[in-house]
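Student: Sharing entry03.tsv here; it has TSV, N, CA, C and O atoms.
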```tsv
chain	number	residue	atom	x	y	z
A	1	MET	N	106.58	94.25	108.71
A	1	MET	CA	107.43	93.16	108.34
A	1	MET	C	106.73	92.20	107.38
A	1	MET	O	107.28	91.81	106.38
A	2	GLU	N	105.49	91.83	107.71
A	2	GLU	CA	104.77	90.90	106.84
A	2	GLU	C	104.49	91.52	105.48
A	2	GLU	O	104.45	90.84	104.46
A	3	THR	N	104.29	92.84	105.45
A	3	THR	CA	104.00	93.52	104.19
A	3	THR	C	105.18	93.43	103.23
A	3	THR	O	105.00	93.22	102.03
A	4	ALA	N	106.38	93.58	103.75
A	4	ALA	CA	107.56	93.50	102.90
A	4	ALA	C	107.66	92.13	102.23
A	4	ALA	O	107.94	92.02	101.03
A	5	VAL	N	107.39	91.09	102.98
A	5	VAL	CA	107.43	89.72	102.43
A	5	VAL	C	106.34	89.56	101.37
A	5	VAL	O	106.57	88.98	100.30
A	6	LEU	N	105.16	90.06	101.66
A	6	LEU	CA	104.05	89.96	100.71
A	6	LEU	C	104.42	90.57	99.36
A	6	LEU	O	104.24	89.96	98.31
A	7	PHE	N	104.96	91.79	99.39
A	7	PHE	CA	105.31	92.45	98.14
A	7	PHE	C	106.50	91.80	97.45
A	7	PHE	O	106.57	91.78	96.22
A	8	ARG	N	107.43	91.27	98.21
A	8	ARG	CA	108.57	90.59	97.59
A	8	ARG	C	108.14	89.32	96.86
A	8	ARG	O	108.58	89.04	95.74
A	9	ILE	N	107.27	88.55	97.49
A	9	ILE	CA	106.78	87.33	96.84
A	9	ILE	C	105.98	87.67	95.59
A	9	ILE	O	106.12	87.02	94.55
A	10	ALA	N	105.15	88.70	95.68
A	10	ALA	CA	104.39	89.12	94.50
A	10	ALA	C	105.33	89.51	93.37
A	10	ALA	O	105.11	89.12	92.21
A	11	LYS	N	106.38	90.24	93.69
A	11	LYS	CA	107.34	90.64	92.66
A	11	LYS	C	108.04	89.43	92.06
A	11	LYS	O	108.21	89.33	90.84
A	12	ASP	N	108.46	88.50	92.91
A	12	ASP	CA	109.16	87.30	92.45
A	12	ASP	C	108.31	86.48	91.49
A	12	ASP	O	108.83	85.86	90.55
A	13	PHE	N	107.01	86.44	91.71
A	13	PHE	CA	106.10	85.66	90.86
A	13	PHE	C	105.40	86.52	89.82
A	13	PHE	O	104.46	86.07	89.17
A	14	ARG	N	105.85	87.77	89.69
A	14	ARG	CA	105.27	88.72	88.72
A	14	ARG	C	103.76	88.87	88.91
A	14	ARG	O	102.98	88.85	87.97
A	15	LEU	N	103.36	89.00	90.17
A	15	LEU	CA	101.96	89.19	90.54
A	15	LEU	C	101.79	90.55	91.22
A	15	LEU	O	102.76	91.29	91.39
A	16	HIS	N	100.57	90.86	91.59
A	16	HIS	CA	100.27	92.10	92.31
A	16	HIS	C	99.91	91.74	93.74
A	16	HIS	O	99.40	90.66	94.01
A	17	ALA	N	100.15	92.68	94.63
A	17	ALA	CA	99.80	92.48	96.03
A	17	ALA	C	99.23	93.79	96.58
A	17	ALA	O	99.54	94.87	96.09
A	18	ALA	N	98.42	93.66	97.60
A	18	ALA	CA	97.85	94.83	98.27
A	18	ALA	C	97.72	94.51	99.75
A	18	ALA	O	97.57	93.35	100.14
A	19	THR	N	97.78	95.54	100.55
A	19	THR	CA	97.62	95.36	101.98
A	19	THR	C	96.92	96.58	102.56
A	19	THR	O	97.00	97.67	102.01
A	20	VAL	N	96.20	96.36	103.64
A	20	VAL	CA	95.55	97.44	104.38
A	20	VAL	C	96.05	97.35	105.81
A	20	VAL	O	95.93	96.32	106.46
A	21	LEU	N	96.65	98.42	106.27
A	21	LEU	CA	97.16	98.46	107.64
A	21	LEU	C	96.19	99.24	108.51
A	21	LEU	O	95.72	100.30	108.12
A	22	GLN	N	95.90	98.72	109.67
A	22	GLN	CA	94.95	99.35	110.56
A	22	GLN	C	95.60	99.63	111.91
A	22	GLN	O	96.28	98.77	112.47
A	23	THR	N	95.38	100.82	112.42
A	23	THR	CA	95.84	101.17	113.75
A	23	THR	C	94.65	101.18	114.68
A	23	THR	O	93.63	101.81	114.39
A	24	VAL	N	94.76	100.46	115.76
A	24	VAL	CA	93.68	100.41	116.76
A	24	VAL	C	94.19	101.04	118.04
A	24	VAL	O	95.24	100.66	118.55
A	25	LYS	N	93.46	102.05	118.51
A	25	LYS	CA	93.85	102.68	119.77
A	25	LYS	C	93.58	101.69	120.90
A	25	LYS	O	92.46	101.23	121.09
A	26	LYS	N	94.62	101.38	121.63
A	26	LYS	CA	94.50	100.41	122.73
A	26	LYS	C	94.13	101.15	124.00
A	26	LYS	O	94.92	101.93	124.53
A	27	GLU	N	92.92	100.92	124.48
A	27	GLU	CA	92.47	101.55	125.72
A	27	GLU	C	93.14	100.91	126.93
A	27	GLU	O	93.39	101.56	127.92
A	28	SER	N	93.42	99.63	126.83
A	28	SER	CA	94.02	98.92	127.94
A	28	SER	C	95.34	98.30	127.50
A	28	SER	O	95.37	97.51	126.55
A	29	PRO	N	96.44	98.63	128.16
A	29	PRO	CA	97.72	98.04	127.77
A	29	PRO	C	97.82	96.54	128.05
A	29	PRO	O	98.71	95.87	127.56
A	30	LYS	N	96.87	96.02	128.81
A	30	LYS	CA	96.89	94.58	129.14
A	30	LYS	C	96.24	93.73	128.05
A	30	LYS	O	96.36	92.52	128.07
A	31	LEU	N	95.53	94.37	127.13
A	31	LEU	CA	94.83	93.64	126.07
A	31	LEU	C	95.53	93.86	124.74
A	31	LEU	O	96.06	94.92	124.47
A	32	SER	N	95.48	92.85	123.87
A	32	SER	CA	96.02	93.02	122.53
A	32	SER	C	95.01	93.83	121.70
A	32	SER	O	93.93	94.17	122.16
A	33	SER	N	95.36	94.10	120.45
A	33	SER	CA	94.49	94.89	119.58
A	33	SER	C	93.14	94.22	119.31
A	33	SER	O	92.18	94.88	118.94
A	34	TYR	N	93.08	92.91	119.44
A	34	TYR	CA	91.86	92.19	119.12
A	34	TYR	C	91.29	91.46	120.33
A	34	TYR	O	90.78	90.35	120.22
A	35	GLU	N	91.34	92.10	121.49
A	35	GLU	CA	90.74	91.55	122.71
A	35	GLU	C	89.84	92.60	123.35
A	35	GLU	O	90.14	93.79	123.31
A	36	GLY	N	88.76	92.14	123.92
A	36	GLY	CA	87.88	93.01	124.69
A	36	GLY	C	87.36	94.20	123.92
A	36	GLY	O	86.91	94.09	122.78
A	37	GLU	N	87.44	95.37	124.54
A	37	GLU	CA	86.95	96.61	123.92
A	37	GLU	C	87.74	96.95	122.66
A	37	GLU	O	87.19	97.51	121.70
A	38	ASN	N	89.03	96.61	122.64
A	38	ASN	CA	89.84	96.85	121.45
A	38	ASN	C	89.29	96.08	120.25
A	38	ASN	O	89.28	96.57	119.13
A	39	PHE	N	88.85	94.85	120.49
A	39	PHE	CA	88.28	94.03	119.42
A	39	PHE	C	87.03	94.67	118.84
A	39	PHE	O	86.85	94.73	117.63
A	40	LEU	N	86.16	95.17	119.71
A	40	LEU	CA	84.92	95.79	119.24
A	40	LEU	C	85.21	97.03	118.40
A	40	LEU	O	84.56	97.26	117.37
A	41	GLN	N	86.19	97.81	118.81
A	41	GLN	CA	86.55	99.00	118.05
A	41	GLN	C	87.13	98.61	116.68
A	41	GLN	O	86.77	99.18	115.66
A	42	ALA	N	88.03	97.64	116.66
A	42	ALA	CA	88.65	97.20	115.41
A	42	ALA	C	87.59	96.61	114.46
A	42	ALA	O	87.60	96.89	113.27
A	43	LYS	N	86.69	95.82	115.00
A	43	LYS	CA	85.64	95.21	114.19
A	43	LYS	C	84.73	96.27	113.56
A	43	LYS	O	84.37	96.17	112.40
A	44	LYS	N	84.40	97.29	114.32
A	44	LYS	CA	83.54	98.36	113.81
A	44	LYS	C	84.21	99.08	112.64
A	44	LYS	O	83.58	99.34	111.61
A	45	VAL	N	85.50	99.39	112.78
A	45	VAL	CA	86.23	100.06	111.71
A	45	VAL	C	86.30	99.17	110.48
A	45	VAL	O	86.09	99.63	109.35
A	46	GLU	N	86.58	97.90	110.67
A	46	GLU	CA	86.69	96.97	109.54
A	46	GLU	C	85.36	96.82	108.82
A	46	GLU	O	85.33	96.77	107.59
A	47	GLU	N	84.28	96.77	109.55
A	47	GLU	CA	82.96	96.58	108.93
A	47	GLU	C	82.44	97.85	108.27
A	47	GLU	O	81.76	97.77	107.25
A	48	THR	N	82.71	99.01	108.84
A	48	THR	CA	82.11	100.24	108.32
A	48	THR	C	82.98	100.99	107.33
A	48	THR	O	82.46	101.74	106.51
A	49	ILE	N	84.28	100.78	107.37
A	49	ILE	CA	85.17	101.54	106.49
A	49	ILE	C	85.96	100.63	105.55
A	49	ILE	O	85.87	100.75	104.33
A	50	PHE	N	86.72	99.71	106.11
A	50	PHE	CA	87.65	98.92	105.32
A	50	PHE	C	86.98	98.00	104.32
A	50	PHE	O	87.46	97.85	103.20
A	51	PHE	N	85.89	97.36	104.69
A	51	PHE	CA	85.28	96.39	103.79
A	51	PHE	C	84.91	97.02	102.46
A	51	PHE	O	85.29	96.53	101.40
A	52	ASP	N	84.17	98.13	102.49
A	52	ASP	CA	83.76	98.79	101.24
A	52	ASP	C	84.95	99.32	100.46
A	52	ASP	O	85.00	99.23	99.24
A	53	TYR	N	85.93	99.87	101.18
A	53	TYR	CA	87.12	100.43	100.52
A	53	TYR	C	87.90	99.32	99.80
A	53	TYR	O	88.27	99.48	98.64
A	54	VAL	N	88.13	98.22	100.45
A	54	VAL	CA	88.88	97.11	99.85
A	54	VAL	C	88.09	96.48	98.71
A	54	VAL	O	88.65	96.20	97.63
A	55	LEU	N	86.80	96.29	98.89
A	55	LEU	CA	85.97	95.72	97.82
A	55	LEU	C	86.00	96.60	96.58
A	55	LEU	O	86.17	96.11	95.47
A	56	ASP	N	85.84	97.91	96.75
A	56	ASP	CA	85.89	98.83	95.62
A	56	ASP	C	87.23	98.76	94.91
A	56	ASP	O	87.29	98.76	93.68
A	57	ALA	N	88.31	98.68	95.67
A	57	ALA	CA	89.64	98.62	95.07
A	57	ALA	C	89.79	97.32	94.26
A	57	ALA	O	90.32	97.35	93.14
A	58	LEU	N	89.34	96.22	94.80
A	58	LEU	CA	89.45	94.93	94.09
A	58	LEU	C	88.61	94.92	92.82
A	58	LEU	O	89.02	94.36	91.79
A	59	LEU	N	87.44	95.52	92.87
A	59	LEU	CA	86.58	95.55	91.70
A	59	LEU	C	87.15	96.43	90.58
A	59	LEU	O	86.84	96.23	89.41
A	60	ASN	N	88.02	97.36	90.94
A	60	ASN	CA	88.63	98.25	89.94
A	60	ASN	C	89.90	97.67	89.33
A	60	ASN	O	90.45	98.25	88.42
A	61	ILE	N	90.37	96.55	89.86
A	61	ILE	CA	91.61	95.94	89.31
A	61	ILE	C	91.28	95.17	88.07
A	61	ILE	O	90.38	94.43	87.97
```
Could I get this structure in the form of structure tokens?
Tutor:
Amino acid sequence: METAVLFRIAKDFRLHAATVLQTVKKESPKLSSYEGENFLQAKKVEETIFFDYVLDALLNI
């Protein structure tokens, strides 16, 4: 939902937009994606994969 708004606003202002969507396997249904063990897993993925990928993409724009 938020992605659709992001791209619509970019289009309205004749700008570019980008987004990275991440899926985090939830080990515990009682915790959100960014709590407890889920947070540690999400943080590891963001630090080891997403950061370099997003930085490289931005540098190529």
Student: Quick one, how far is atom N of Glu35 in chain A from atom O of Glu47 in chain A?
Tutor: 18.1 Å
Student: Name the residues in contact with range 27-33 of chain A at a cut-off of 8 Å, using all atoms listed in the file, excluding same-chain residues fewer than 6 positions from it; report them as JSON, numbers by chain.
Tutor: {"A": [39, 40, 41, 42, 43]}
Student: Any idea what the distance is between atom N of Tyr53 in chain A and CA of Phe7 in chain A?
Tutor: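 Computing it gives 21.0 Å between the two atoms.
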Student: Using all atoms listed in the file, collect all residues at a distance of at most 6 Å from (91.3, 100.0, 113.8) as written in the file, then present them as number ranges by chain.
Tutor: A: 22-25, 41-42, 45
Student: Limited to N, CA, C and O atoms, could you put the picked residues into a file as a PDB file, in the coordinates of the input?
Tutor:
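So out-v3.pdb came out as:
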```pdb
ATOM      1  N   GLN A  22      95.900  98.720 109.670  1.00  0.00           N
ATOM      2  CA  GLN A  22      94.950  99.350 110.560  1.00  0.00           C
ATOM      3  C   GLN A  22      95.600  99.630 111.910  1.00  0.00           C
ATOM      4  O   GLN A  22      96.280  98.770 112.470  1.00  0.00           O
ATOM      5  N   THR A  23      95.380 100.820 112.420  1.00  0.00           N
ATOM      6  CA  THR A  23      95.840 101.170 113.750  1.00  0.00           C
ATOM      7  C   THR A  23      94.650 101.180 114.680  1.00  0.00           C
ATOM      8  O   THR A  23      93.630 101.810 114.390  1.00  0.00           O
ATOM      9  N   VAL A  24      94.760 100.460 115.760  1.00  0.00           N
ATOM     10  CA  VAL A  24      93.680 100.410 116.760  1.00  0.00           C
ATOM     11  C   VAL A  24      94.190 101.040 118.040  1.00  0.00           C
ATOM     12  O   VAL A  24      95.240 100.660 118.550  1.00  0.00           O
ATOM     13  N   LYS A  25      93.460 102.050 118.510  1.00  0.00           N
ATOM     14  CA  LYS A  25      93.850 102.680 119.770  1.00  0.00           C
ATOM     15  C   LYS A  25      93.580 101.690 120.900  1.00  0.00           C
ATOM     16  O   LYS A  25      92.460 101.230 121.090  1.00  0.00           O
ATOM     17  N   GLN A  41      86.190  97.810 118.810  1.00  0.00           N
ATOM     18  CA  GLN A  41      86.550  99.000 118.050  1.00  0.00           C
ATOM     19  C   GLN A  41      87.130  98.610 116.680  1.00  0.00           C
ATOM     20  O   GLN A  41      86.770  99.180 115.660  1.00  0.00           O
ATOM     21  N   ALA A  42      88.030  97.640 116.660  1.00  0.00           N
ATOM     22  CA  ALA A  42      88.650  97.200 115.410  1.00  0.00           C
ATOM     23  C   ALA A  42      87.590  96.610 114.460  1.00  0.00           C
ATOM     24  O   ALA A  42      87.600  96.890 113.270  1.00  0.00           O
ATOM     25  N   VAL A  45      85.500  99.390 112.780  1.00  0.00           N
ATOM     26  CA  VAL A  45      86.230 100.060 111.710  1.00  0.00           C
ATOM     27  C   VAL A  45      86.300  99.170 110.480  1.00  0.00           C
ATOM     28  O   VAL A  45      86.090  99.630 109.350  1.00  0.00           O
TER      29      VAL A  45
END
```
Student: Can you tell me which residues surround range 2-4 of chain A at a distance of at most 8 Å, considering all atoms listed in the file, apart from same-chain residues fewer than 4 positions away, and format the answer as an MDAnalysis selection string?
Tutor: chainID A and resid 8:11 17:19
Student: Which of range 22-56 of chain A counts as helix (DSSP H, G or I) under DSSP, as an MDAnalysis selection string please?
Tutor: chainID A and resid 36:56
Student: When you draw a straight line from CA of Ala57 in chain A to CA of Asn38 in chain A, how long is it in Å?
Tutor: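 Separation of CA of Ala57 in chain A and CA of Asn38 in chain A: 26.4 Å.
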Student: Using the file's own x, y and z axes, so that the box edges lie along x, y and z, what centre and edge lengths in Å (one decimal) does a box around every listed atom of range 40-45 of chain A get when 3 Å is added on each side? Give it as JSON.
Tutor:
```
{"center_x": 86.1, "center_y": 97.6, "center_z": 114.5, "size_x": 11.1, "size_y": 10.9, "size_z": 16.4}
```
Student: Here is a test: counting only C-alpha atoms, which residue of A:Leu21, A:Phe13, A:Leu59, A:Leu6 is nearest to Glu46 in chain A?
Tutor: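 Distance minimum relative to Glu46 in chain A lands on A:Leu21.
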